[in-house]
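Everything below concerns the one structure shown next.
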Amino acid sequence: NCDRISGSGWQDLNMKLLMISTDQNIFQAGSAVRARMVEYARSLEALHIIVFTNQKFLAQQFCANGWVYATNSWSKWFNIFDAINLGKNIVADQKISEITCQDPFLTAMVALKLKKKFRIPLEIQVHTDIGSPYFAFNFGNRVRQFLAGRYLPQADKIRVVAERIKNYLVAKLRISEEKITVRPIAVDVEKIKQAPVIVDLHEKYPQFEKIVLMASRLTPEKDLATGLRAFKLVQAQNQNTGLIIVGTGPELVNLQKLVAELDLPKNVVFETWLSQDKLFAFYKTADIFLSTSLYEGYGLSMLEANIAGLKVVATDAGIASELTKQVCPVGDAECL
């Protein structure tokens with residue numbers, strides 16, 4: 001249900017917004033990201049979302065005034081061109097009044113093309129800490145950092161999720177503070193607190209006396225390998241401790257190999273990504289939440305775990321230092 005009420009996001013019931021995204025989870029009913037899109041739609045006249053994808057998805061109306069469309073590109077190299085063509089039709093047909101894009105990289109490239117063609121305002125969102133010394137850890141991120149420096153000054157508005165990102169944009173990119181809004185990802189605190197425990201981790205895995213939980217995309221910047229090495233040190237002292245890793249991503253096979261190398265197959269369990277309700281239940285029934293990111297724009301999973309009452313241990317990324325005193329330098333397994 002996304003009956004229109006002013007309550008979150010842009011809070012403009014006269015706005016017809018086009019969003020450019022890369023998150024395919026928007027197509028999945030029950031996913032956390034889809035729930036956020038519903039919240040955004042509630043505060044707008046209409047929300048239309050284009051998602052970069054090489055899979056085949058049908059366009060969906062996910063609530064009364066919210067629609068999501070897929071580029072359905074046959075190669076990732078064509079996502080940009082397909083999104084531009086799809087966007088041209090949506091802007092013209094739906095009389096879009098503003099565009100927002102979910103990163104200052106390739107989605108911004110699409111959004112800028114549409115902004116210039118139709119002369120409508122553009123907001124660029126920055127959800128990751130592009131100013132972190134760890135951000136440019138590979139060639140791909142160095143390219144992204146370059147694109148961000150080129151595209152962000154062309155935006156009419158910029159939304160960031162943390163003050164540290166705003167400070168970087170002002171100091172390094174010389175962007176006016178007036179263009180920048182700090183708006184963290186919307187979180188329904190009461191929904192998390194009141195969520196029922198539909199799955200108890202200790203009942204599901206009775207062999208573990210204590211359970212450490214990680215919930216993350218399985219990507220290099222999340223540095224779950226350091227989490228596994230830290231857990232090996234813990235497991236050496238308590239063999240009945242378990243580590244549950246919730247997530248999907250390209251690092252899965254490498255992480256499974258590392259689990260074997262560290263001789264942890266009986267103590268580490270990989271769970272595929274869960275519905276929001278199940279994830280909240282995991283937060284409420286684990287003993288420790290562990291986050292090992294190289295960098296974070298914000299750290300939504302850390303915040304959700306904290307709201308659910310779970311103790312957090314984390315590297316110094318995103319809002320970790322605001323949530324817990326148990327903060328360690330990036331990559332420091334012994335400290336963790």
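By convention here, the chains of the structure tokens are called A, B, ... in the order presented, each chain's residues are numbered starting at 1, and ligands are numbered starting at 1 in the order presented.
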
Please list as a ChimeraX atom specification every residue within 7 Å of Ala215 (chain A), counting only C-alpha atoms and excluding residues in the same chain fewer than 5 positions away. /A:245-247,301

Could you go through region 260-310 of chain A and tell me which residues DSSP, when run on the backbone, assigns to alpha helix (DSSP H), listing them as a list of chain:residue names? A:Ala260, A:Glu261, A:Gln276, A:Asp277, A:Lys278, A:Leu279, A:Phe280, A:Ala281, A:Phe282, A:Tyr283, A:Lys284, A:Thr285, A:Leu300, A:Ser301, A:Met302, A:Leu303, A:Glu304, A:Ala305, A:Asn306, A:Ile307

For those residues, write N, CA, C and O atoms to a file as a PDB file, in the first residue's frame.
ATOM      1  N   ALA A 260      37.077 -22.769   3.771  1.00  0.00           N
ATOM      2  CA  ALA A 260      37.735 -24.080   3.734  1.00  0.00           C
ATOM      3  C   ALA A 260      39.195 -23.973   4.154  1.00  0.00           C
ATOM      4  O   ALA A 260      39.697 -24.811   4.918  1.00  0.00           O
ATOM      5  N   GLU A 261      39.894 -22.951   3.674  1.00  0.00           N
ATOM      6  CA  GLU A 261      41.309 -22.763   4.016  1.00  0.00           C
ATOM      7  C   GLU A 261      41.494 -22.528   5.509  1.00  0.00           C
ATOM      8  O   GLU A 261      42.491 -22.976   6.102  1.00  0.00           O
ATOM      9  N   GLN A 276      12.727  -8.822   4.512  1.00  0.00           N
ATOM     10  CA  GLN A 276      12.961  -7.848   5.582  1.00  0.00           C
ATOM     11  C   GLN A 276      12.559  -8.410   6.937  1.00  0.00           C
ATOM     12  O   GLN A 276      13.295  -8.258   7.925  1.00  0.00           O
ATOM     13  N   ASP A 277      11.418  -9.075   7.023  1.00  0.00           N
ATOM     14  CA  ASP A 277      10.946  -9.609   8.301  1.00  0.00           C
ATOM     15  C   ASP A 277      11.900 -10.655   8.869  1.00  0.00           C
ATOM     16  O   ASP A 277      12.159 -10.688  10.075  1.00  0.00           O
ATOM     17  N   LYS A 278      12.428 -11.533   8.005  1.00  0.00           N
ATOM     18  CA  LYS A 278      13.361 -12.554   8.477  1.00  0.00           C
ATOM     19  C   LYS A 278      14.682 -11.936   8.917  1.00  0.00           C
ATOM     20  O   LYS A 278      15.286 -12.364   9.907  1.00  0.00           O
ATOM     21  N   LEU A 279      15.122 -10.918   8.173  1.00  0.00           N
ATOM     22  CA  LEU A 279      16.370 -10.261   8.556  1.00  0.00           C
ATOM     23  C   LEU A 279      16.234  -9.587   9.909  1.00  0.00           C
ATOM     24  O   LEU A 279      17.139  -9.675  10.748  1.00  0.00           O
ATOM     25  N   PHE A 280      15.104  -8.935  10.155  1.00  0.00           N
ATOM     26  CA  PHE A 280      14.886  -8.324  11.468  1.00  0.00           C
ATOM     27  C   PHE A 280      14.918  -9.389  12.566  1.00  0.00           C
ATOM     28  O   PHE A 280      15.457  -9.163  13.657  1.00  0.00           O
ATOM     29  N   ALA A 281      14.351 -10.563  12.290  1.00  0.00           N
ATOM     30  CA  ALA A 281      14.368 -11.649  13.271  1.00  0.00           C
ATOM     31  C   ALA A 281      15.789 -12.144  13.516  1.00  0.00           C
ATOM     32  O   ALA A 281      16.149 -12.476  14.655  1.00  0.00           O
ATOM     33  N   PHE A 282      16.603 -12.182  12.465  1.00  0.00           N
ATOM     34  CA  PHE A 282      18.012 -12.565  12.633  1.00  0.00           C
ATOM     35  C   PHE A 282      18.725 -11.564  13.534  1.00  0.00           C
ATOM     36  O   PHE A 282      19.509 -11.948  14.418  1.00  0.00           O
ATOM     37  N   TYR A 283      18.476 -10.263  13.300  1.00  0.00           N
ATOM     38  CA  TYR A 283      19.093  -9.245  14.153  1.00  0.00           C
ATOM     39  C   TYR A 283      18.729  -9.472  15.621  1.00  0.00           C
ATOM     40  O   TYR A 283      19.567  -9.319  16.515  1.00  0.00           O
ATOM     41  N   LYS A 284      17.482  -9.836  15.872  1.00  0.00           N
ATOM     42  CA  LYS A 284      16.988  -9.932  17.251  1.00  0.00           C
ATOM     43  C   LYS A 284      17.443 -11.196  17.969  1.00  0.00           C
ATOM     44  O   LYS A 284      17.352 -11.264  19.197  1.00  0.00           O
ATOM     45  N   THR A 285      17.925 -12.193  17.218  1.00  0.00           N
ATOM     46  CA  THR A 285      18.273 -13.467  17.870  1.00  0.00           C
ATOM     47  C   THR A 285      19.744 -13.832  17.746  1.00  0.00           C
ATOM     48  O   THR A 285      20.155 -14.879  18.245  1.00  0.00           O
ATOM     49  N   LEU A 300      23.510   0.958   6.592  1.00  0.00           N
ATOM     50  CA  LEU A 300      22.124   0.688   6.964  1.00  0.00           C
ATOM     51  C   LEU A 300      21.983  -0.564   7.811  1.00  0.00           C
ATOM     52  O   LEU A 300      21.238  -0.581   8.788  1.00  0.00           O
ATOM     53  N   SER A 301      22.680  -1.633   7.434  1.00  0.00           N
ATOM     54  CA  SER A 301      22.533  -2.880   8.187  1.00  0.00           C
ATOM     55  C   SER A 301      23.021  -2.724   9.624  1.00  0.00           C
ATOM     56  O   SER A 301      22.425  -3.283  10.555  1.00  0.00           O
ATOM     57  N   MET A 302      24.092  -1.948   9.812  1.00  0.00           N
ATOM     58  CA  MET A 302      24.564  -1.676  11.179  1.00  0.00           C
ATOM     59  C   MET A 302      23.488  -0.966  11.992  1.00  0.00           C
ATOM     60  O   MET A 302      23.244  -1.292  13.152  1.00  0.00           O
ATOM     61  N   LEU A 303      22.869   0.034  11.368  1.00  0.00           N
ATOM     62  CA  LEU A 303      21.840   0.802  12.063  1.00  0.00           C
ATOM     63  C   LEU A 303      20.641  -0.070  12.403  1.00  0.00           C
ATOM     64  O   LEU A 303      20.131  -0.027  13.531  1.00  0.00           O
ATOM     65  N   GLU A 304      20.191  -0.878  11.448  1.00  0.00           N
ATOM     66  CA  GLU A 304      19.043  -1.745  11.700  1.00  0.00           C
ATOM     67  C   GLU A 304      19.345  -2.733  12.819  1.00  0.00           C
ATOM     68  O   GLU A 304      18.493  -2.984  13.682  1.00  0.00           O
ATOM     69  N   ALA A 305      20.543  -3.305  12.814  1.00  0.00           N
ATOM     70  CA  ALA A 305      20.935  -4.241  13.868  1.00  0.00           C
ATOM     71  C   ALA A 305      20.926  -3.551  15.223  1.00  0.00           C
ATOM     72  O   ALA A 305      20.448  -4.097  16.226  1.00  0.00           O
ATOM     73  N   ASN A 306      21.449  -2.339  15.264  1.00  0.00           N
ATOM     74  CA  ASN A 306      21.494  -1.567  16.505  1.00  0.00           C
ATOM     75  C   ASN A 306      20.093  -1.274  17.025  1.00  0.00           C
ATOM     76  O   ASN A 306      19.818  -1.405  18.224  1.00  0.00           O
ATOM     77  N   ILE A 307      19.190  -0.874  16.126  1.00  0.00           N
ATOM     78  CA  ILE A 307      17.807  -0.590  16.523  1.00  0.00           C
ATOM     79  C   ILE A 307      17.141  -1.849  17.077  1.00  0.00           C
ATOM     80  O   ILE A 307      16.354  -1.789  18.029  1.00  0.00           O
TER      81      ILE A 307
END

Residue among A:Ala186, A:Ile90, A:Ala59, A:Ala83 lying closest to Leu18 (chain A), counting only C-alpha atoms: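 Closest candidate: A:Ile90.
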
Could you find all residues in region 7-59 of chain A that DSSP calls strand (DSSP E or B) from the backbone, and write them as a PyMOL selection string? chain A and resi 12-21+44-51

One-decimal distance in Å that lies between CA of Asp23 (chain A) and CA of Ala317 (chain A):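 So the two atoms, CA of Ala317 (chain A) and CA of Asp23 (chain A), lie 21.9 Å apart.
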
Shell of 12 Å around Phe78 (chain A), only C-alpha atoms, local chain residues under 6 positions omitted, as a CSV table (one decimal) with N, CA, C and O atoms, in the first residue's frame:
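Once everything was written out, this is selection12.csv:
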chain,number,residue,atom,x,y,z
A,52,PHE,N,19.0,-0.6,-14.2
A,52,PHE,CA,20.0,-1.2,-15.0
A,52,PHE,C,19.9,-2.7,-14.8
A,52,PHE,O,20.1,-3.2,-13.6
A,53,THR,N,19.7,-3.5,-15.8
A,53,THR,CA,19.8,-5.0,-15.6
A,53,THR,C,20.0,-5.7,-16.9
A,53,THR,O,19.5,-5.3,-17.9
A,54,ASN,N,20.7,-6.8,-16.8
A,54,ASN,CA,20.9,-7.7,-18.0
A,54,ASN,C,20.0,-8.9,-17.9
A,54,ASN,O,20.0,-9.8,-18.7
A,71,THR,N,15.9,-2.2,-18.0
A,71,THR,CA,16.5,-1.9,-19.3
A,71,THR,C,16.6,-3.2,-20.1
A,71,THR,O,16.6,-3.2,-21.3
A,72,ASN,N,16.7,-4.4,-19.4
A,72,ASN,CA,16.7,-5.7,-20.0
A,72,ASN,C,17.8,-5.7,-21.1
A,72,ASN,O,17.5,-6.3,-22.2
A,84,ILE,N,18.8,5.4,-21.3
A,84,ILE,CA,18.5,6.7,-21.9
A,84,ILE,C,17.3,6.7,-22.8
A,84,ILE,O,16.4,7.5,-22.7
A,85,ASN,N,17.2,5.6,-23.7
A,85,ASN,CA,16.1,5.5,-24.6
A,85,ASN,C,14.8,5.3,-23.8
A,85,ASN,O,13.7,5.9,-24.1
A,106,LEU,N,27.5,5.9,-13.4
A,106,LEU,CA,26.8,5.6,-14.7
A,106,LEU,C,25.4,6.0,-14.7
A,106,LEU,O,24.8,6.4,-15.7
A,110,VAL,N,23.3,8.8,-17.4
A,110,VAL,CA,22.0,8.7,-18.0
A,110,VAL,C,21.2,9.9,-17.6
A,110,VAL,O,20.5,10.6,-18.4

Please report as a tab-separated table every residue of region 146-243 of chain A lying within 10 Å of region 288-295 of chain A, along with the nearest atom pair and their distance in Å (one decimal), using only C-alpha atoms.
residue	atom	partner	partner_atom	distance
A:Lys210	CA	A:Ile288	CA	8.4
A:Ile211	CA	A:Ile288	CA	6.7
A:Val212	CA	A:Ile288	CA	4.8
A:Leu213	CA	A:Phe289	CA	4.8
A:Met214	CA	A:Leu290	CA	5.3
A:Ala215	CA	A:Ser291	CA	8.0
A:Ser216	CA	A:Ser291	CA	8.2
A:Thr219	CA	A:Ser293	CA	9.6
A:Pro220	CA	A:Leu294	CA	8.6
A:Glu221	CA	A:Leu294	CA	5.4
A:Lys222	CA	A:Ser293	CA	4.0
A:Asp223	CA	A:Ser293	CA	5.4
A:Leu224	CA	A:Thr292	CA	6.1
A:Ala225	CA	A:Thr292	CA	8.5
A:Thr226	CA	A:Thr292	CA	6.7
A:Gly227	CA	A:Thr292	CA	6.0
A:Leu228	CA	A:Thr292	CA	9.7
A:Ala230	CA	A:Thr292	CA	9.8
A:Phe231	CA	A:Leu290	CA	9.7
A:Leu243	CA	A:Leu290	CA	9.4

Selection export as a PDB file, in the first residue's frame, atoms kept: N, CA and C atoms:
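Below is the file that was written, again-v4.pdb:
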ATOM      1  N   LYS A 210      27.042 -19.257  20.801  1.00  0.00           N
ATOM      2  CA  LYS A 210      26.985 -17.836  20.469  1.00  0.00           C
ATOM      3  C   LYS A 210      26.999 -17.696  18.951  1.00  0.00           C
ATOM      4  N   ILE A 211      26.284 -16.684  18.452  1.00  0.00           N
ATOM      5  CA  ILE A 211      26.172 -16.497  17.009  1.00  0.00           C
ATOM      6  C   ILE A 211      26.558 -15.068  16.625  1.00  0.00           C
ATOM      7  N   VAL A 212      27.509 -14.976  15.693  1.00  0.00           N
ATOM      8  CA  VAL A 212      27.910 -13.701  15.098  1.00  0.00           C
ATOM      9  C   VAL A 212      27.206 -13.593  13.753  1.00  0.00           C
ATOM     10  N   LEU A 213      26.643 -12.432  13.468  1.00  0.00           N
ATOM     11  CA  LEU A 213      25.884 -12.229  12.239  1.00  0.00           C
ATOM     12  C   LEU A 213      26.536 -11.158  11.375  1.00  0.00           C
ATOM     13  N   MET A 214      26.658 -11.443  10.076  1.00  0.00           N
ATOM     14  CA  MET A 214      27.049 -10.441   9.081  1.00  0.00           C
ATOM     15  C   MET A 214      25.959 -10.411   8.015  1.00  0.00           C
ATOM     16  N   ALA A 215      25.516  -9.228   7.629  1.00  0.00           N
ATOM     17  CA  ALA A 215      24.507  -9.088   6.571  1.00  0.00           C
ATOM     18  C   ALA A 215      25.011  -8.031   5.601  1.00  0.00           C
ATOM     19  N   SER A 216      25.321  -8.461   4.385  1.00  0.00           N
ATOM     20  CA  SER A 216      26.028  -7.569   3.483  1.00  0.00           C
ATOM     21  C   SER A 216      25.994  -8.102   2.065  1.00  0.00           C
ATOM     22  N   THR A 219      30.766  -8.379  -1.744  1.00  0.00           N
ATOM     23  CA  THR A 219      31.597  -7.655  -2.696  1.00  0.00           C
ATOM     24  C   THR A 219      32.926  -7.285  -2.044  1.00  0.00           C
ATOM     25  N   PRO A 220      33.962  -6.986  -2.842  1.00  0.00           N
ATOM     26  CA  PRO A 220      35.292  -6.737  -2.268  1.00  0.00           C
ATOM     27  C   PRO A 220      35.331  -5.634  -1.218  1.00  0.00           C
ATOM     28  N   GLU A 221      34.576  -4.539  -1.445  1.00  0.00           N
ATOM     29  CA  GLU A 221      34.659  -3.415  -0.507  1.00  0.00           C
ATOM     30  C   GLU A 221      34.072  -3.734   0.857  1.00  0.00           C
ATOM     31  N   LYS A 222      33.270  -4.788   0.954  1.00  0.00           N
ATOM     32  CA  LYS A 222      32.724  -5.187   2.257  1.00  0.00           C
ATOM     33  C   LYS A 222      33.744  -5.971   3.067  1.00  0.00           C
ATOM     34  N   ASP A 223      34.796  -6.444   2.423  1.00  0.00           N
ATOM     35  CA  ASP A 223      35.949  -7.081   3.095  1.00  0.00           C
ATOM     36  C   ASP A 223      35.535  -8.149   4.106  1.00  0.00           C
ATOM     37  N   LEU A 224      34.651  -9.039   3.699  1.00  0.00           N
ATOM     38  CA  LEU A 224      34.228 -10.117   4.594  1.00  0.00           C
ATOM     39  C   LEU A 224      35.367 -11.077   4.916  1.00  0.00           C
ATOM     40  N   ALA A 225      36.413 -11.070   4.085  1.00  0.00           N
ATOM     41  CA  ALA A 225      37.569 -11.926   4.358  1.00  0.00           C
ATOM     42  C   ALA A 225      38.199 -11.571   5.701  1.00  0.00           C
ATOM     43  N   THR A 226      38.277 -10.285   6.006  1.00  0.00           N
ATOM     44  CA  THR A 226      38.798  -9.873   7.317  1.00  0.00           C
ATOM     45  C   THR A 226      37.873 -10.348   8.427  1.00  0.00           C
ATOM     46  N   GLY A 227      36.578 -10.334   8.176  1.00  0.00           N
ATOM     47  CA  GLY A 227      35.636 -10.856   9.156  1.00  0.00           C
ATOM     48  C   GLY A 227      35.860 -12.334   9.425  1.00  0.00           C
ATOM     49  N   LEU A 228      36.133 -13.106   8.385  1.00  0.00           N
ATOM     50  CA  LEU A 228      36.397 -14.540   8.554  1.00  0.00           C
ATOM     51  C   LEU A 228      37.689 -14.771   9.334  1.00  0.00           C
ATOM     52  N   ALA A 230      39.000 -12.726  11.510  1.00  0.00           N
ATOM     53  CA  ALA A 230      38.713 -12.358  12.899  1.00  0.00           C
ATOM     54  C   ALA A 230      37.941 -13.470  13.594  1.00  0.00           C
ATOM     55  N   PHE A 231      36.978 -14.043  12.878  1.00  0.00           N
ATOM     56  CA  PHE A 231      36.169 -15.114  13.459  1.00  0.00           C
ATOM     57  C   PHE A 231      37.013 -16.355  13.742  1.00  0.00           C
ATOM     58  N   LEU A 243      29.227 -18.345  12.842  1.00  0.00           N
ATOM     59  CA  LEU A 243      29.147 -17.112  12.056  1.00  0.00           C
ATOM     60  C   LEU A 243      28.131 -17.325  10.929  1.00  0.00           C
TER      61      LEU A 243
END

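Residue nearest Lys116 (chain A) within the list A:Glu178, A:Glu98, A:Glu203, A:Asp332: A:Glu98 [criterion: smallest interatomic distance, only C-alpha atoms].
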